[in-house]
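File shown here: work.csv, holding CSV, C-alpha atoms (C1' of nucleotides).
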```
chain,number,residue,atom,x,y,z
S,1,MET,CA,32.2,-4.5,-0.8
S,2,LYS,CA,29.2,-3.0,1.0
S,3,ASN,CA,31.1,0.3,1.1
S,4,ARG,CA,31.7,0.1,-2.6
S,5,GLU,CA,28.0,-0.2,-3.2
S,6,LEU,CA,27.2,2.7,-0.9
S,7,LYS,CA,29.9,4.8,-2.4
S,8,LYS,CA,28.7,4.1,-5.9
S,9,ALA,CA,25.3,5.3,-4.8
S,10,GLY,CA,26.7,8.5,-3.5
S,11,LEU,CA,25.9,7.5,0.1
S,12,LYS,CA,28.2,8.0,3.0
S,13,THR,CA,29.3,4.8,4.7
S,14,THR,CA,27.5,5.0,8.0
S,15,GLN,CA,26.8,2.4,10.6
S,16,PRO,CA,23.0,2.2,9.9
S,17,ARG,CA,23.5,2.0,6.2
S,18,THR,CA,26.1,-0.7,6.5
S,19,ARG,CA,24.1,-2.7,8.9
S,20,ILE,CA,20.9,-2.5,6.9
S,21,LEU,CA,22.7,-3.6,3.8
S,22,GLN,CA,24.3,-6.5,5.6
S,23,LEU,CA,20.9,-7.5,7.0
S,24,LEU,CA,19.4,-7.5,3.5
S,25,GLU,CA,22.3,-9.5,2.2
S,26,SER,CA,21.9,-12.2,4.7
S,27,ASN,CA,18.2,-12.4,4.0
S,28,THR,CA,18.0,-12.7,0.3
S,29,ASP,CA,15.3,-15.4,0.7
S,30,ARG,CA,13.0,-13.2,2.7
S,31,HIS,CA,11.4,-9.9,2.1
S,32,LEU,CA,11.6,-7.6,5.0
S,33,SER,CA,9.5,-4.6,6.0
S,34,ALA,CA,11.0,-1.5,7.5
S,35,GLU,CA,9.6,-2.7,10.8
S,36,ASP,CA,11.3,-6.1,10.3
S,37,VAL,CA,14.6,-4.5,9.6
S,38,TYR,CA,14.2,-2.2,12.6
S,39,ARG,CA,13.4,-5.1,15.0
S,40,CYS,CA,16.3,-7.2,13.7
S,41,LEU,CA,18.7,-4.5,14.2
S,42,LEU,CA,17.5,-3.7,17.7
S,43,GLU,CA,17.7,-7.4,18.6
S,44,ASN,CA,21.3,-7.4,17.4
S,45,GLY,CA,22.0,-4.6,19.8
S,46,GLU,CA,22.2,-1.9,17.1
S,47,ASP,CA,20.8,1.4,18.1
S,48,VAL,CA,18.9,2.8,15.2
S,49,GLY,CA,15.7,4.7,14.8
S,50,LEU,CA,12.8,3.5,12.7
S,51,ALA,CA,12.8,6.8,10.8
S,52,THR,CA,16.4,6.1,9.8
S,53,VAL,CA,15.5,2.6,8.6
S,54,TYR,CA,12.8,4.2,6.4
S,55,ARG,CA,15.1,6.8,5.1
S,56,VAL,CA,17.9,4.4,4.3
S,57,LEU,CA,15.6,1.9,2.6
S,58,THR,CA,14.1,4.7,0.5
S,59,GLN,CA,17.6,5.9,-0.4
S,60,PHE,CA,18.6,2.4,-1.3
S,61,GLU,CA,15.5,2.1,-3.5
S,62,ALA,CA,16.4,5.4,-5.3
S,63,ALA,CA,19.9,4.1,-5.8
S,64,GLY,CA,18.6,0.9,-7.3
S,65,LEU,CA,20.0,-1.3,-4.5
S,66,VAL,CA,16.7,-2.6,-3.3
S,67,THR,CA,13.2,-3.0,-4.7
S,68,ARG,CA,10.1,-2.1,-2.8
S,69,HIS,CA,7.1,-4.4,-3.1
S,70,TYR,CA,3.5,-3.9,-2.2
S,71,PHE,CA,2.0,-7.3,-1.9
S,72,GLU,CA,-1.6,-8.0,-1.8
S,73,GLY,CA,-3.2,-7.0,1.5
S,74,GLY,CA,-1.1,-3.9,0.8
S,75,LYS,CA,-0.3,-2.0,3.9
S,76,LEU,CA,3.3,-2.4,4.7
S,77,ALA,CA,5.9,-2.4,2.0
S,78,VAL,CA,8.6,-5.0,2.0
S,79,PHE,CA,12.1,-4.6,0.6
S,80,GLU,CA,14.3,-7.0,-1.3
S,81,LEU,CA,18.0,-6.6,-2.2
S,82,ASP,CA,18.3,-6.1,-5.9
S,83,GLN,CA,20.7,-8.7,-7.2
S,84,GLY,CA,20.6,-7.7,-10.8
S,85,VAL,CA,18.5,-10.5,-12.0
S,86,HIS,CA,14.9,-9.7,-12.7
S,87,HIS,CA,12.3,-12.0,-11.3
S,88,ASP,CA,8.7,-12.1,-10.4
S,89,HIS,CA,7.0,-13.3,-7.2
S,90,LEU,CA,4.8,-16.0,-6.0
S,91,MET,CA,3.5,-15.7,-2.5
S,92,CYS,CA,1.8,-18.3,-0.3
S,93,LEU,CA,-1.2,-16.8,1.3
S,94,LYS,CA,-1.1,-19.4,4.0
S,95,CYS,CA,2.5,-19.2,5.2
S,96,GLY,CA,3.6,-16.0,3.6
S,97,LYS,CA,6.6,-17.6,2.0
S,98,ILE,CA,7.7,-16.0,-1.2
S,99,PHE,CA,9.0,-17.9,-4.3
S,100,GLU,CA,10.7,-16.2,-7.1
S,101,PHE,CA,10.6,-17.1,-10.8
S,102,SER,CA,11.2,-15.7,-14.1
S,103,ASP,CA,9.8,-16.5,-17.5
S,104,ASP,CA,11.1,-15.2,-20.8
S,105,LEU,CA,7.9,-15.8,-22.6
S,106,ILE,CA,5.9,-13.6,-20.2
S,107,GLU,CA,8.5,-10.9,-20.4
S,108,GLU,CA,8.3,-10.9,-24.1
S,109,ARG,CA,4.6,-10.8,-24.2
S,110,GLN,CA,4.6,-7.9,-21.8
S,111,LYS,CA,6.9,-6.0,-24.0
S,112,ALA,CA,4.8,-6.8,-27.1
S,113,ILE,CA,1.6,-5.6,-25.3
S,114,ALA,CA,3.1,-2.4,-24.2
S,115,GLU,CA,4.5,-1.7,-27.6
S,116,LYS,CA,1.2,-2.3,-29.2
S,117,LEU,CA,-0.4,0.2,-26.9
S,118,GLY,CA,2.4,2.7,-27.6
S,119,PHE,CA,3.7,2.4,-24.1
S,120,GLU,CA,7.2,2.9,-22.9
S,121,ILE,CA,7.6,0.4,-20.1
S,122,ALA,CA,9.5,1.7,-17.0
S,123,GLY,CA,8.7,-1.2,-14.7
S,124,HIS,CA,6.4,-4.1,-14.1
S,125,ALA,CA,5.3,-6.3,-11.3
S,126,LEU,CA,3.8,-9.8,-11.5
S,127,TYR,CA,2.6,-11.3,-8.3
S,128,LEU,CA,0.9,-14.7,-8.1
S,129,TYR,CA,-0.9,-15.6,-4.9
S,130,GLY,CA,-1.9,-19.1,-3.7
S,131,LYS,CA,-1.2,-22.0,-1.4
S,132,CYS,CA,2.1,-23.8,-1.5
S,133,ARG,CA,2.5,-27.5,-0.8
S,134,LYS,CA,1.5,-28.5,2.6
S,135,GLU,CA,4.9,-30.1,3.5
S,136,ASN,CA,6.7,-26.9,3.0
S,137,CYS,CA,4.0,-24.7,4.4
S,138,GLU,CA,4.3,-23.2,7.8
S,139,ASN,CA,1.5,-21.3,9.3
S,140,PHE,CA,1.4,-17.6,8.8
S,141,LYS,CA,2.8,-15.8,11.8
P,1,MET,CA,-30.2,-3.6,-11.3
P,2,LYS,CA,-28.0,-2.1,-8.6
P,3,ASN,CA,-30.4,-3.3,-6.1
P,4,ARG,CA,-30.2,-6.8,-7.4
P,5,GLU,CA,-26.5,-6.9,-7.1
P,6,LEU,CA,-26.6,-5.6,-3.6
P,7,LYS,CA,-29.3,-8.0,-2.6
P,8,LYS,CA,-27.3,-10.8,-4.1
P,9,ALA,CA,-24.5,-9.8,-1.9
P,10,GLY,CA,-26.7,-9.8,1.2
P,11,LEU,CA,-26.4,-6.0,1.5
P,12,LYS,CA,-29.3,-3.8,2.3
P,13,THR,CA,-30.1,-1.3,-0.4
P,14,THR,CA,-29.1,2.0,1.2
P,15,GLN,CA,-28.4,5.4,-0.2
P,16,PRO,CA,-24.6,5.3,0.2
P,17,ARG,CA,-24.2,1.8,-1.2
P,18,THR,CA,-26.4,2.6,-4.2
P,19,ARG,CA,-24.5,5.9,-4.9
P,20,ILE,CA,-21.1,4.3,-4.6
P,21,LEU,CA,-22.1,1.5,-6.9
P,22,GLN,CA,-23.4,4.0,-9.4
P,23,LEU,CA,-20.3,6.0,-9.2
P,24,LEU,CA,-18.1,3.0,-9.9
P,25,GLU,CA,-20.4,2.0,-12.8
P,26,SER,CA,-20.0,5.4,-14.4
P,27,ASN,CA,-16.2,5.3,-14.0
P,28,THR,CA,-15.2,1.9,-15.3
P,29,ASP,CA,-12.3,3.5,-17.1
P,30,ARG,CA,-10.9,4.9,-13.9
P,31,HIS,CA,-9.8,3.4,-10.7
P,32,LEU,CA,-10.9,5.4,-7.7
P,33,SER,CA,-9.5,5.6,-4.2
P,34,ALA,CA,-11.8,5.8,-1.2
P,35,GLU,CA,-11.0,9.4,-1.0
P,36,ASP,CA,-11.9,9.9,-4.7
P,37,VAL,CA,-15.2,8.3,-4.2
P,38,TYR,CA,-15.8,10.4,-1.1
P,39,ARG,CA,-15.0,13.6,-2.8
P,40,CYS,CA,-17.1,12.8,-5.8
P,41,LEU,CA,-20.1,12.1,-3.7
P,42,LEU,CA,-19.7,15.3,-1.7
P,43,GLU,CA,-19.4,17.3,-4.9
P,44,ASN,CA,-22.6,15.7,-6.0
P,45,GLY,CA,-24.3,16.9,-2.9
P,46,GLU,CA,-24.4,13.5,-1.3
P,47,ASP,CA,-23.9,13.5,2.4
P,48,VAL,CA,-21.7,10.5,3.2
P,49,GLY,CA,-18.9,9.9,5.7
P,50,LEU,CA,-15.5,8.8,4.6
P,51,ALA,CA,-15.7,5.9,7.0
P,52,THR,CA,-18.8,4.7,5.2
P,53,VAL,CA,-17.1,4.8,1.9
P,54,TYR,CA,-14.3,2.6,3.3
P,55,ARG,CA,-16.8,0.2,4.9
P,56,VAL,CA,-18.9,0.0,1.7
P,57,LEU,CA,-16.0,-0.6,-0.6
P,58,THR,CA,-14.6,-3.3,1.7
P,59,GLN,CA,-18.0,-5.0,1.7
P,60,PHE,CA,-18.2,-4.7,-2.0
P,61,GLU,CA,-14.8,-6.3,-2.2
P,62,ALA,CA,-15.8,-9.1,0.1
P,63,ALA,CA,-18.9,-9.6,-2.1
P,64,GLY,CA,-16.8,-9.8,-5.2
P,65,LEU,CA,-18.3,-6.7,-6.7
P,66,VAL,CA,-15.1,-4.7,-6.7
P,67,THR,CA,-11.4,-5.4,-6.8
P,68,ARG,CA,-8.9,-3.5,-4.7
P,69,HIS,CA,-5.6,-2.7,-6.2
P,70,TYR,CA,-2.4,-1.5,-4.7
P,71,PHE,CA,-0.5,0.2,-7.5
P,72,GLU,CA,3.2,1.1,-7.3
P,73,GLY,CA,3.7,4.0,-5.0
P,74,GLY,CA,1.5,1.9,-2.8
P,75,LYS,CA,-0.2,3.9,-0.2
P,76,LEU,CA,-3.7,4.4,-1.1
P,77,ALA,CA,-5.7,1.5,-2.5
P,78,VAL,CA,-7.9,2.0,-5.5
P,79,PHE,CA,-11.1,0.2,-6.4
P,80,GLU,CA,-12.4,-1.1,-9.7
P,81,LEU,CA,-15.8,-2.4,-10.4
P,82,ASP,CA,-15.5,-6.1,-11.2
P,83,GLN,CA,-17.1,-6.7,-14.5
P,84,GLY,CA,-16.5,-10.4,-14.6
P,85,VAL,CA,-13.8,-10.4,-17.2
P,86,HIS,CA,-10.3,-10.8,-15.9
P,87,HIS,CA,-7.7,-8.4,-17.0
P,88,ASP,CA,-4.3,-6.9,-16.1
P,89,HIS,CA,-3.2,-3.3,-15.8
P,90,LEU,CA,-0.9,-0.9,-17.4
P,91,MET,CA,-0.4,2.4,-15.8
P,92,CYS,CA,1.0,5.6,-17.1
P,93,LEU,CA,3.4,7.0,-14.5
P,94,LYS,CA,3.1,10.4,-16.1
P,95,CYS,CA,-0.7,10.9,-16.3
P,96,GLY,CA,-1.9,8.1,-14.1
P,97,LYS,CA,-4.2,6.8,-16.7
P,98,ILE,CA,-4.8,3.0,-16.5
P,99,PHE,CA,-5.1,0.7,-19.5
P,100,GLU,CA,-6.4,-2.8,-19.3
P,101,PHE,CA,-5.3,-5.8,-21.2
P,102,SER,CA,-5.5,-9.5,-21.1
P,103,ASP,CA,-3.2,-12.1,-22.6
P,104,ASP,CA,-4.1,-15.8,-22.8
P,105,LEU,CA,-0.5,-16.8,-23.2
P,106,ILE,CA,0.6,-15.0,-20.1
P,107,GLU,CA,-2.2,-16.6,-18.2
P,108,GLU,CA,-1.2,-20.0,-19.4
P,109,ARG,CA,2.4,-19.5,-18.4
P,110,GLN,CA,1.4,-18.4,-15.0
P,111,LYS,CA,-0.6,-21.5,-14.5
P,112,ALA,CA,2.2,-23.7,-15.7
P,113,ILE,CA,4.7,-22.0,-13.5
P,114,ALA,CA,2.5,-22.3,-10.4
P,115,GLU,CA,1.8,-25.9,-11.2
P,116,LYS,CA,5.5,-26.7,-11.6
P,117,LEU,CA,6.1,-25.3,-8.1
P,118,GLY,CA,3.2,-27.2,-6.7
P,119,PHE,CA,1.3,-24.0,-6.1
P,120,GLU,CA,-2.4,-23.6,-6.0
P,121,ILE,CA,-3.1,-20.2,-7.5
P,122,ALA,CA,-5.7,-18.1,-5.7
P,123,GLY,CA,-5.1,-14.8,-7.5
P,124,HIS,CA,-2.6,-12.9,-9.4
P,125,ALA,CA,-1.8,-9.3,-10.3
P,126,LEU,CA,0.2,-8.1,-13.2
P,127,TYR,CA,1.0,-4.4,-13.4
P,128,LEU,CA,3.0,-2.7,-16.1
P,129,TYR,CA,4.2,0.8,-15.5
P,130,GLY,CA,5.4,3.3,-18.1
P,131,LYS,CA,4.7,6.3,-20.1
P,132,CYS,CA,1.8,6.4,-22.5
P,133,ARG,CA,1.8,8.3,-25.8
P,134,LYS,CA,2.2,12.0,-25.4
P,135,GLU,CA,-0.9,12.8,-27.4
P,136,ASN,CA,-3.1,11.0,-24.9
P,137,CYS,CA,-1.2,11.9,-21.9
P,138,GLU,CA,-2.5,14.5,-19.5
P,139,ASN,CA,-0.5,15.6,-16.6
P,140,PHE,CA,-0.8,13.8,-13.3
P,141,LYS,CA,-3.0,15.8,-11.0
G,1,DA,C1',35.6,21.9,10.9
G,2,DT,C1',32.1,20.9,8.0
G,3,DC,C1',28.0,19.3,6.5
G,4,DA,C1',25.6,14.9,5.7
G,5,DA,C1',23.3,11.6,8.6
G,6,DT,C1',20.9,10.2,12.7
G,7,DG,C1',17.5,9.7,16.6
G,8,DC,C1',13.7,11.3,18.6
G,9,DA,C1',9.3,13.2,18.8
G,10,DA,C1',5.7,15.1,16.3
G,11,DA,C1',3.0,15.1,12.2
G,12,DA,C1',1.1,13.2,8.1
G,13,DA,C1',-1.4,9.9,5.3
G,14,DC,C1',-4.5,6.2,5.0
G,15,DT,C1',-7.7,3.2,7.2
G,16,DT,C1',-10.4,1.1,10.9
G,17,DT,C1',-13.4,1.2,15.1
G,18,DG,C1',-16.8,2.7,18.8
G,19,DC,C1',-20.9,4.6,19.6
G,20,DA,C1',-25.1,7.0,19.5
G,21,DC,C1',-28.4,8.1,15.9
G,22,DT,C1',-30.8,7.2,11.4
G,23,DG,C1',-33.2,4.7,8.1
G,24,DA,C1',-34.8,0.4,5.4
G,25,DT,C1',-37.9,-3.4,5.8
Y,1,DA,C1',-40.5,-1.7,15.8
Y,2,DT,C1',-36.4,-3.7,14.8
Y,3,DC,C1',-31.7,-4.0,13.8
Y,4,DA,C1',-28.5,-3.2,10.1
Y,5,DG,C1',-26.3,0.9,8.4
Y,6,DT,C1',-24.5,5.5,9.0
Y,7,DG,C1',-21.8,9.7,10.4
Y,8,DC,C1',-18.7,11.6,13.3
Y,9,DA,C1',-14.9,11.6,16.1
Y,10,DA,C1',-11.3,9.0,18.0
Y,11,DA,C1',-7.8,5.5,17.5
Y,12,DG,C1',-4.7,2.6,14.8
Y,13,DT,C1',-1.1,1.8,11.3
Y,14,DT,C1',2.4,2.8,8.4
Y,15,DT,C1',5.5,6.3,6.8
Y,16,DT,C1',7.5,11.0,6.6
Y,17,DT,C1',9.3,15.3,8.5
Y,18,DG,C1',11.5,19.0,11.7
Y,19,DC,C1',15.2,19.8,14.4
Y,20,DA,C1',18.9,19.6,17.5
Y,21,DT,C1',22.8,16.4,18.0
Y,22,DT,C1',26.2,13.1,16.2
Y,23,DG,C1',29.5,11.3,13.2
Y,24,DA,C1',32.3,10.6,8.7
Y,25,DT,C1',35.7,12.8,6.0
```
Using the file provided, produce a representation of the structure as structure tokens.
Amino acid sequence: MKNRELKKAGLKTTQPRTRILQLLESNTDRHLSAEDVYRCLLENGEDVGLATVYRVLTQFEAAGLVTRHYFEGGKLAVFELDQGVHHDHLMCLKCGKIFEFSDDLIEERQKAIAEKLGFEIAGHALYLYGKCRKENCENFK
Amino acid sequence: MKNRELKKAGLKTTQPRTRILQLLESNTDRHLSAEDVYRCLLENGEDVGLATVYRVLTQFEAAGLVTRHYFEGGKLAVFELDQGVHHDHLMCLKCGKIFEFSDDLIEERQKAIAEKLGFEIAGHALYLYGKCRKENCENFK
DNA sequence: ATCAATGCAAAAACTTTGCACTGAT
DNA sequence: ATCAGTGCAAAGTTTTTGCATTGAT
């Protein structure tokens, strides 16, 4: 099924691409940076280059397979497997955990606002930042 | 009045800081990167270093005078003078122009969502991306 | 066999830091 | 006179690119 997705995107089924897709699939609850992906693969004995990870993730993004996020604090981008369902993000500044949510009302309002301004929306990103409940909150690494 | 703001932030009134604040004040409709600020100052015959621009902008941010944004496409951060009124951003992917808006309903929903998840909101960012009306739309530089 | 894809190393892009000098009080 | 603030150059981070080699069809 990975192969199918790659094929559909016009990408040859290579080892790095398959492995990266697998990794993202088994980490749908996390958002990984290119460096994260690279390290994970190395730890699993895969022999990839960081440049390839960047290239592959960029290709995946172009193919609509993954979404790239720039969270507050900017710097490194993180990637998330796109599972078809749109959602926004809520990030704990203390432990870095990311929660996802979706709100029809907000989506509607966004559309209305854009329309009023004569804008054709191509994408949008809503990030909330805060502190999650202590019980669930681990310390930021 | 610039001096007052700087004093209030515990920052000495120096030439670079005053100039940068002035520049931001006369560009409230644009969002400038550190590089932008640097170039503008050089063009106006000011003799500043890029490092100083970064330092000053970071200090301004810490003092709550400016807000740093990481727009899609990430990479370079842009800065906006904080004029007290919260607002969200709508960016034209074609010409780079930024429109500001604010919607009470969206704000409310955000609060409600965070509350439901037991989250204490510290900040949030809503960015819409799209294409603005042709008539107003200049080409991206 | 072919040509896309990879790994490595080098470069690029953006930002921060060290340090000796300058400037505001 | 003092010590924060500055400019410059060097270093740090994250990401991209060039090129010879490898690998999928």
- Query: What is the distance between atom CA of Leu50 of chain S and atom CA of Phe79 of chain S, in Å to one decimal?
  - Reply: 14.6 Å
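Atom CA of Val53 of chain P is positioned 8.2 Å from atom CA of Glu35 of chain P.
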- Message: Only residues of chain S matter here; which ones have an atom within 9 Å of chain G, counting only C-alpha atoms (C1' of nucleotides)? Give them as a list in words.
- Response: Lys12, Thr14, Pro16, Val48, Gly49, Leu50, Ala51 and Thr52 of chain S
Atoms to include: C-alpha atoms. Write the selected residues as an mmCIF file, in the frame of the given file.
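For reference, part.cif as written:
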```cif
data_model
loop_
_atom_site.group_PDB
_atom_site.id
_atom_site.type_symbol
_atom_site.label_atom_id
_atom_site.label_comp_id
_atom_site.auth_asym_id
_atom_site.auth_seq_id
_atom_site.Cartn_x
_atom_site.Cartn_y
_atom_site.Cartn_z
ATOM 1 C CA LYS S 12 28.200 8.000 3.000
ATOM 2 C CA THR S 14 27.500 5.000 8.000
ATOM 3 C CA PRO S 16 23.000 2.200 9.900
ATOM 4 C CA VAL S 48 18.900 2.800 15.200
ATOM 5 C CA GLY S 49 15.700 4.700 14.800
ATOM 6 C CA LEU S 50 12.800 3.500 12.700
ATOM 7 C CA ALA S 51 12.800 6.800 10.800
ATOM 8 C CA THR S 52 16.400 6.100 9.800
#
```
- Task: Starting from chain S, keep only residues with some atom at most 6 Å from an atom of chain P, counting all atoms listed in the file, and report them as number ranges by chain.
- Result: S: 106, 118-133
How close does each residue of chain Y get to chain P, giving the shortest atom pair and distance in Å to one decimal for every residue with an atom at most 10 Å away, counting all atoms listed in the file, sorted by chain and residue number, as CSV?
```
residue,atom,partner,partner_atom,distance
Y:DA4,C1',P:Lys12,CA,7.9
Y:DG5,C1',P:Thr14,CA,7.8
Y:DT6,C1',P:Thr52,CA,6.9
Y:DG7,C1',P:Gly49,CA,5.5
Y:DC8,C1',P:Gly49,CA,7.8
Y:DT14,C1',P:Lys75,CA,9.1
Y:DT15,C1',P:Lys75,CA,9.3
```
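Rounded to one decimal, atom CA of Tyr54 of chain S and atom C1' of DA20 of chain Y lie 19.9 Å from each other.
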